[in-house]
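*Asks:* Before we start, here is the structure in question, set down as structure tokens.
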Amino acid sequence: MSMSDTRQPALLGPSGMIFLAILVAAAVLVPALNLMTPPDSALHVPTYVVSLLGKYLCYALLALSVDLIWGYVGILSLGHGAFFALGGYAMGMYLMRQIGTRGVYGDPILPDFMVFLNWKELPWFWYGFDMFPFAALMVLLAPGILALVFGWFAFRSRVTGVYLSIITQAMTFALLLAFFRNDMGFGGNNGLTDFKDILGFNIQSDGTRLVLFVLSALALGLGYVLCRFLVRSHFGKVLIAIRDAETRVRFTGYRAENYKLVAFVVSAMLAGIAGALYVPQVGIINPSEFSPANSIEIIVWVAVGGRGTLVGAALGAVLVNYAKTYFTSGMLAPYWLFMLGGLFVAVTLFLPKGIVGTFYEWREKRRPPPDGADAPLASPKPAE
Amino acid sequence: MNSRARLRGSGRALLVALLAFCAMLSGSLAGSLALSRAAQAQDISAPLAQLANDNYADTEAALGALALSGSPAAAQIVAALADGKLVYSSTAPRQIFIRTDTGLIDPLTMQAVAPAPAVKPVRVNNRVRRAIEAANGALSLVSPDPAKRIDAAIAVARSRDEAALPALDTALAKESNPKVKTALVLARASILIAKEGITPAERIAAVQLVAAEGNQEALAILRGVPDSAAPEVKQAATDAIAGIERNLATWAIAQNIWYGVSLGSVLLLAAIGLAITFGVMGVINMAHGEMVMLGAYTTFVVQEVIRQNYPGLFDWSLIIAIPLAFLFTGLIGVLIERTVIRFLYGRALETLLATWGISLILQQAIRTIFGPTNREVGAPSWMSGSFELGHMSVTYGRLWIIVFALIVFIALLTVLRVTRIGLEMRAVTQNRRMAAAMGIRTNWVDAMTFGLGSGIAGIAGVALSQIDNVSPNLGQSYIIDSFLVVVFGGVGNLWGTLVGAMSLGIANKMLEPYAGAVLGKIALLVIVILFIQKRPRGLFALKGRSIEA
């Protein structure tokens with residue numbers, strides 16, 4: 001059986017290839033331009049730009065995770081920022097433990113904020129975070145378990161559509177309130193910051209920044225391949241069917257809730273990884289990452305790039321965040337919220353398929369017999 | 001005749017006690033003996049003469065006499081002494097005057113003295129100052145102002161100072177106002193409870209008297225029963241304390257429910273417009289909170305205009321703001337519906353995104369026009385102040401908001417039940433296509449519904465401007481709660497919104513004392529999330545035949 005007979009799209013396809021090629025190029029070129037060109041050269045990439053780009057890549061991975069469940073399962077999560085922040089906190093806790101005696105209070109075990117709160121010993125949930133493998137495991141498990149518990153309750157009782165969106169928003173709001181509390185033991189309002197080093201390397205040094213950038217690119221690439229693999233498998237076909245007609249899928253004999261749950265947990269873990277890579281590059285994690293507004297912003301990245309295209313989600317994240325950096329740093333800063341708000345309205349009204357989705361549509365029209373090799377996996381109909 | 005004689009006799013006994021009191025204060029027995037006679041006659045010339053001696057011991061004795069005289073001038077003389085304004089003429093005959101800004105006045109006649117003689121102030125030392133305080137306390141017990149008398153009685157009850165007993169007894173003998181009398185009796189009982197050397201029966205009577213009061217004060221007094229008291233007294237006190245605590249616990253619950261109803265009515269106001277747009281049109285309006293915010297800013301503008309042009313109308317400002325806020329936000333709502341939302345029907349999740357964008361734009365617009373800081377919206381006189389209901393306090397502001405929320409709720413219910421547009425709205429809610437087939441212009445109904453929902457949000461803003469900061473972020477703090485109310489109560493049924501708002505409000509306030517404000521809120525969010533698992537369509541879900549709503 002050949003590929004064209006089963007209409008099974010290739011794992012990558014042209015747009016995936018281009019996407020990965022750009023990622024590889026970035027992972028090679030950015031460090032090269034940073035290291036090899038003199039600082040006054042026009043081609044030089046300063047270190048702060050490297051960190052900025054690294055941050056965009058983390059956002060792109062986060063957008064990818066949202067696209068997996070929104071674009072392919074129809075779950076509009078307004079709380080995905082929570083999974084991102086949990087991954088970030090797990091990494092932040094590891095980085096806090098690495099500070100050791102170099103904190104302001106010089107306590108070998110307790111982070112500064114605990115000394116400040118007059119705590120005598122480390123809370124139990126901080127145990128093990130001095131070991132990187134444990135922290136790395138927690139980056140996956142903390143968001144994964146939350147998603148598992150939350151999703152198990154929600155999908156089992158068939159909470160769908162806007163109801164699901166609203167309770168995911170309530171979830172991240174509850175976490176926001178919880179993490180603001182000093183008693184929670186996560187640094188309260190100030191969050192975790194003042195990191196010194198990661199795996200023995202100085203977190204501020206140019207070399208570490210470059211490695212983190214390359215790792216972010218790698219994570220985004222692998223995340224893309226994983227999502228692509230998932231959505232083109234049989235499993236992914238069921239997900240798409242659930243998105244388009246959940247009841248019908250259930251009547252056909254599939255346990256729709258289990259499929260949704262797996263997709264939700266995988267997506268949460270991807271978001272957690274994005275958060276874990278994000279924290280060392282920006283140097284801080286605080287409860288504002290849980291704010292519902294942040295989670296909604298992720299949705300607009302995906303919507304701009306194109307829901308249900310994966311590549312589009314990553315593209316949207318980078319574009320919107322580049323615009324944000326551009327507008328909020330100059331004299332246009334007061335107008336950024338007008339811009340962002342306008343973007344929400346304009347995309348939903350005039351570009352419902354997003355940039356990449358519109359491009360696919362245009363290409364399909366131009367080439368009447370689609371070869372199927374790169375066709376989007378049944379582009380999503382407007383959300384129900 | 002007999003009884004009067006006995007009264008006089010007891011009066012004499014009292015005086016003896018008073019004497020001892022004064023003696024204790026002054027340490028000058030002879031002086032107070034002389035004074036007590038003067039006091040009996042309500043004549044204060046003798047203590048005045050003593051004051052003129054400018055001798056510490058005499059001054060103290062004079063203060064004791066003044067305290068018991070009950071003369072209206074006494075308070076003024078004591079106050080003048082405390083301020084260093086009490087003076088005596090240094091040449092014979094020595095006479096006491098009060099120094100004022102304009103000159104000297106005679107304390108007996110309150111007339112200005114002319115020509116003013118050469119004077120010296122009456123000197124004061126620490127012991128005299130203490131005597132002044134004691135005299136002030138005793139004098140306020142007989143002050144002409146009943147409120148002051150009650151305050152003084154409460155102060156005595158709190159201090160449980162045995163030395164105040166004689167002064168209390170004099171005050172009691174004179175008192176005619178029943179309220180003040182109760183306070184005095186209570187104060188006396190609270191002293192007796194702690195006093196040494198009284199019979200158990202007397203003490204039990206005192207305990208019962210205090211217990212009848214049943215408030216925190218009484219509780220504190222009853223806890224002061226000394227260990228040396230007889231067992232039956234202690235038993236009576238323990239029983240009384242338990243009774244009061246039970247009573248107070250009930251009132252605390254009542255107070256919490258009241259706070260809960262108050263919070264619930266705020267939630268109801270914020271959520272009810274949302275319930276309409278969500279229920280009828282299936283539109284998730286994330287800009288709903290901003291409509292509330294616009295309503296609050298409308299109130300601010302109305303108040304500014306009134307303050308500058310028609311200050312006399314200030315008490316009416318909220319009532320004027322209500323229709324204006326309704327019209328303004330309603331128009332904005334219709335505008336949003338016509339320009340954005342109508343293109344997105346049937347795409348609930350995308351409507352959510354678009355309206356979120358609109359909310360960002362509206363927030364930033366208000367921030368640009370009015371600045372990011374809080375704006376001051378004043379309360380009209382009829383909304384300020386509070387009153388006591390049993391053992392809980394009720395503020396007029398909260399009371400009016402509850403009343404207002406209920407009025408809005410009933411008005412809306414009436415609109416939906418009685419008017420034609422209400423009928424059409426319900427028809428569209430239940431079956432949009434069938435309604436269209438019956439000739440209802442669903443487009444027009446949608447626009448009107450959205451306008452109505454937004455207008456009601458504006459009205460909510462008028463009310464919320466009274467209890468929250470009027471800032472561009474006002475709406476943000478209500479949007480999540482409002483959604484939870486609507487989702488909890490169930491879509492398409494206003495009663496669900498009412499029940500949802502009230503139960504969330506009361507649950508929030510009942511959880512707060514145990515878990516604290518933040519944890520209580522988190523617990524509530526978790527409870528609602530779990531509840532939705534159980535009833536995915538809310539408390540009052542519309543029943544239909546379709547599998548997917």
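How things are named: the first chain in the structure tokens is A, the next is B, and so on; residues count from 1 in each chain; ligands count from 1 in the order shown.
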Hey, list the chain B side of the contact with chain A: 7 Å cut-off, only C-alpha atoms, answer as an MDAnalysis selection string.

*Replies:* chainID B and resid 346:350 353:354 357:358 360:361 364 480 518 522 525 529 533:534 536

*Asks:* Among segment 173-281 of chain A, which ones does DSSP assign to helix (DSSP H, G or I) (computed from the backbone)? Answer as a ChimeraX atom specification.

*Replies:* /A:173-180,182-184,188-190,206-232,234-244,246-251,256-281

*Asks:* Mind checking which residues fall within 10 Å of segment 115-122 of chain A, counting only C-alpha atoms, ignoring those fewer than 4 positions away in the same chain, and posting them as a list in words?

*Replies:*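 What passes the distance filter is Val104, Tyr105, Gly106, Asp107, Ile109, Leu110, Pro111, Trp126, Tyr127, Asn182, Asp183, Gly185 and Gly187 of chain A.
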
*Asks:* Hey, which of B:Gln476, B:Ser393, B:Ser69, B:Ser159 ends up closest to Gln363 of chain B? Count only C-alpha atoms.

*Replies:*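 Comparing B:Gln476, B:Ser393, B:Ser69, B:Ser159 against Gln363 of chain B, the winner is B:Gln476.
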
*Asks:* Within 10 Å of Ile479 of chain B, counting only C-alpha atoms, which residues qualify if same-chain residues fewer than 6 places away don't, as a list of chain:residue names?

*Replies:*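 These residues fall inside the cut-off: B:Leu267, B:Ala270, B:Ala271, B:Leu274, B:Asn285, B:Met286, B:Ala287, B:His288, B:Gly289, B:Glu290, B:Val292, B:Val485.
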
*Asks:* I need the residue nearest Asn215 of chain B from this list: B:Ser503, B:Ser265, B:Asn247, B:Ser176. Use only C-alpha atoms for the distance.

*Replies:*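 Of the candidates, the smallest distance to Asn215 of chain B is held by B:Asn247.
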
*Asks:* One decimal, Å: what's the distance from atom CA of Gly260 of chain B over to atom CA of Met510 of chain B, could you say?

*Replies:*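 For atom CA of Gly260 of chain B relative to atom CA of Met510 of chain B, the distance reads 7.4 Å.
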
*Asks:* One decimal, Å: what's the distance from atom CA of Pro117 of chain B over to atom CA of Ala62 of chain B, could you say?

*Replies:*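 Atom-to-atom, atom CA of Pro117 of chain B to atom CA of Ala62 of chain B, that is 22.8 Å.
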
*Asks:* Might you pull out every residue within 9 Å of Trp382 of chain B, with only C-alpha atoms counted and same-chain residues fewer than 4 positions away left off, and present them as a list in words?

*Replies:*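 Residues meeting the cut-off are Asp315, Tyr396 and Gly397 of chain B.
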
*Asks:* Output N, CA and C atoms of each residue in that selection to a file, as a PDB file, in the first residue's frame.

*Replies:*
ATOM      1  N   ASP B 315     -27.748  64.467  46.155  1.00  0.00           N
ATOM      2  CA  ASP B 315     -28.381  63.264  46.692  1.00  0.00           C
ATOM      3  C   ASP B 315     -29.147  62.491  45.629  1.00  0.00           C
ATOM      4  N   TYR B 396     -26.508  51.212  55.526  1.00  0.00           N
ATOM      5  CA  TYR B 396     -27.556  51.587  54.566  1.00  0.00           C
ATOM      6  C   TYR B 396     -27.121  51.330  53.133  1.00  0.00           C
ATOM      7  N   GLY B 397     -25.820  51.552  52.856  1.00  0.00           N
ATOM      8  CA  GLY B 397     -25.317  51.352  51.498  1.00  0.00           C
ATOM      9  C   GLY B 397     -25.597  49.941  51.025  1.00  0.00           C
TER      10      GLY B 397
END

*Asks:* Mind checking which residues fall within 8 Å of Gly275 of chain A, counting only C-alpha atoms, ignoring those fewer than 2 positions away in the same chain, and posting them as JSON, numbers by chain?

*Replies:* {"A": [58, 62, 83, 84, 85, 86, 87, 88, 89, 271, 272, 273, 277, 278, 279]}

*Asks:* Please produce an output containing C-alpha atoms for each residue in the selection, written as a PDB file, in the first residue's frame.

*Replies:*
ATOM      1  CA  CYS A  58       9.029  28.879  24.412  1.00  0.00           C
ATOM      2  CA  LEU A  62       3.126  26.748  24.414  1.00  0.00           C
ATOM      3  CA  PHE A  83       0.355  24.378  33.027  1.00  0.00           C
ATOM      4  CA  PHE A  84       3.031  26.638  31.596  1.00  0.00           C
ATOM      5  CA  ALA A  85       3.456  28.329  34.976  1.00  0.00           C
ATOM      6  CA  LEU A  86       3.560  25.003  36.849  1.00  0.00           C
ATOM      7  CA  GLY A  87       6.388  23.780  34.619  1.00  0.00           C
ATOM      8  CA  GLY A  88       8.078  27.109  35.187  1.00  0.00           C
ATOM      9  CA  TYR A  89       7.691  26.844  38.950  1.00  0.00           C
ATOM     10  CA  ALA A 271       3.125  23.542  28.081  1.00  0.00           C
ATOM     11  CA  GLY A 272       5.066  22.570  31.207  1.00  0.00           C
ATOM     12  CA  ILE A 273       8.251  22.005  29.186  1.00  0.00           C
ATOM     13  CA  LEU A 277      12.657  26.478  29.351  1.00  0.00           C
ATOM     14  CA  TYR A 278      11.136  29.939  29.686  1.00  0.00           C
ATOM     15  CA  VAL A 279      12.059  30.515  33.348  1.00  0.00           C
TER      16      VAL A 279
END

*Asks:* Taking 2 positions as the minimum chain separation for residues in the same chain, which residues sit within 12 Å of Val24 of chain A when counting only C-alpha atoms? Answer as a CSV table (one decimal) with C-alpha atoms, in the first residue's frame.

*Replies:*
chain,number,residue,atom,x,y,z
A,17,MET,CA,9.9,20.6,6.5
A,18,ILE,CA,10.2,24.4,6.0
A,19,PHE,CA,9.3,24.9,9.7
A,20,LEU,CA,12.0,22.5,10.9
A,21,ALA,CA,14.5,23.9,8.5
A,22,ILE,CA,13.9,27.3,9.8
A,26,ALA,CA,18.0,29.5,13.7
A,27,ALA,CA,19.6,27.1,16.1
A,28,VAL,CA,22.8,27.2,14.1
A,29,LEU,CA,22.9,30.7,12.8
A,30,VAL,CA,21.9,32.6,16.0
A,31,PRO,CA,24.7,31.2,18.1
A,213,PHE,CA,18.2,29.0,23.1
A,214,VAL,CA,19.3,25.9,21.2
A,215,LEU,CA,17.5,23.7,23.6
A,216,SER,CA,14.3,25.7,23.2
A,217,ALA,CA,14.6,25.3,19.4
A,218,LEU,CA,15.1,21.6,19.9
A,219,ALA,CA,12.2,21.3,22.2
A,220,LEU,CA,9.9,23.2,19.8
A,221,GLY,CA,11.1,21.0,16.9
A,222,LEU,CA,10.6,17.8,18.8

*Asks:* Out of B:Ile150, B:Val528, B:Ala457, B:Leu494, which residue has the shortest atom-to-atom distance to Leu294 of chain B when counting only C-alpha atoms?

*Replies:*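 Between B:Ile150, B:Val528, B:Ala457, B:Leu494, the residue approaching Leu294 of chain B most closely is B:Ala457.
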